[in-house]
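K.L.:
Could you have a look at this structure, given as structure tokens, before my questions?
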Amino acid sequence: MAEITEIFILKMKEGAEVDAIREAARDDFVALEGVTSWETLVTTDRTRQTLYADIFTFPDHDTAKRVTPQFAERPATKAFLGQIEEMVVGQFFTAHQPKTSE
């Protein structure tokens with residue numbers, strides 16, 4: 001099975017504690033068996049609202065489906081969820097395989 005990437009685009013609350021809460025959640029979540037990584041990207045356009053892309057990877061779809069629900073149940077990750085102002089989108093992704101005509 002193909003690696004699964006789960007991407008969330010988020011508007012976060014403001015404050016210095018948000019980064020500390022994210023890092024505690026990251027340490028907790030990536031320690032779970034089946035979570036390959038958690039990367040965070042941030043937008044750079046200072047004239048628009050700051051958005052964050054939190055990107056999780058899992059070895060396959062079955063693992064992602066099994067592990068992802070735990071995010072809302074663990075104290076450290078629940079604390080992170082409390083810092084989200086708005087979730088713009090969140091979905092599973094995998095590498096695109098172009099269709100070939102035969």
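Starting from 1 in every chain, residues are counted up; chains themselves are A, B, ... following the order of the structure tokens, and ligands are numbered from 1 as listed.
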Output as a count of residues only all residues of chain A that backbone DSSP marks as strand (DSSP E or B).
P.N.:
32
K.L.:
Hey, what's within 8 Å of segment 61-75 of chain A if we count only C-alpha atoms and toss same-chain stuff fewer than 6 positions away? As a ChimeraX atom specification, please?
P.N.:
/A:1-4,29,32,34-35,81
K.L.:
With C-alpha atoms retained, write the just-selected residues as a PDB file, in the first residue's frame.
P.N.:
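Below is the file that was written, selection.pdb:
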```pdb
ATOM      1  CA  MET A   1       0.000   0.000   0.000  1.00  0.00           C
ATOM      2  CA  ALA A   2       1.081   3.584  -0.639  1.00  0.00           C
ATOM      3  CA  GLU A   3       2.196   5.999   2.063  1.00  0.00           C
ATOM      4  CA  ILE A   4      -0.619   8.245   3.281  1.00  0.00           C
ATOM      5  CA  PHE A  29       1.514  11.810  18.628  1.00  0.00           C
ATOM      6  CA  LEU A  32       2.472   6.314  18.578  1.00  0.00           C
ATOM      7  CA  GLY A  34       2.152   3.935  12.949  1.00  0.00           C
ATOM      8  CA  VAL A  35       2.786   7.693  12.886  1.00  0.00           C
ATOM      9  CA  LEU A  81      -7.026  21.009  19.097  1.00  0.00           C
TER      10      LEU A  81
END
```
K.L.:
Pick out the residues sitting within 8 Å of Thr43 of chain A, and hand them over as a list in words; count only C-alpha atoms, and ignore anything fewer than 4 positions along from it in its own chain.
P.N.:
Thr50, Leu51 and Tyr52 of chain A
K.L.:
Within 12 Å of Glu85 of chain A, counting only C-alpha atoms, which residues qualify if same-chain residues fewer than 2 places away don't, as a ChimeraX atom specification?
P.N.:
/A:9-14,18,49-52,80-83,87-88
K.L.:
Return as a list of chain:residue names the full set of residues in segment 44-94 of chain A whose backbone-based DSSP assignment is alpha helix (DSSP H).
P.N.:
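Checking each residue of segment 44-94 of chain A, the alpha helix (DSSP H) ones are A:His61, A:Asp62, A:Thr63, A:Ala64, A:Lys65, A:Arg66, A:Val67, A:Pro75, A:Ala76, A:Thr77, A:Lys78, A:Ala79, A:Phe80, A:Leu81.
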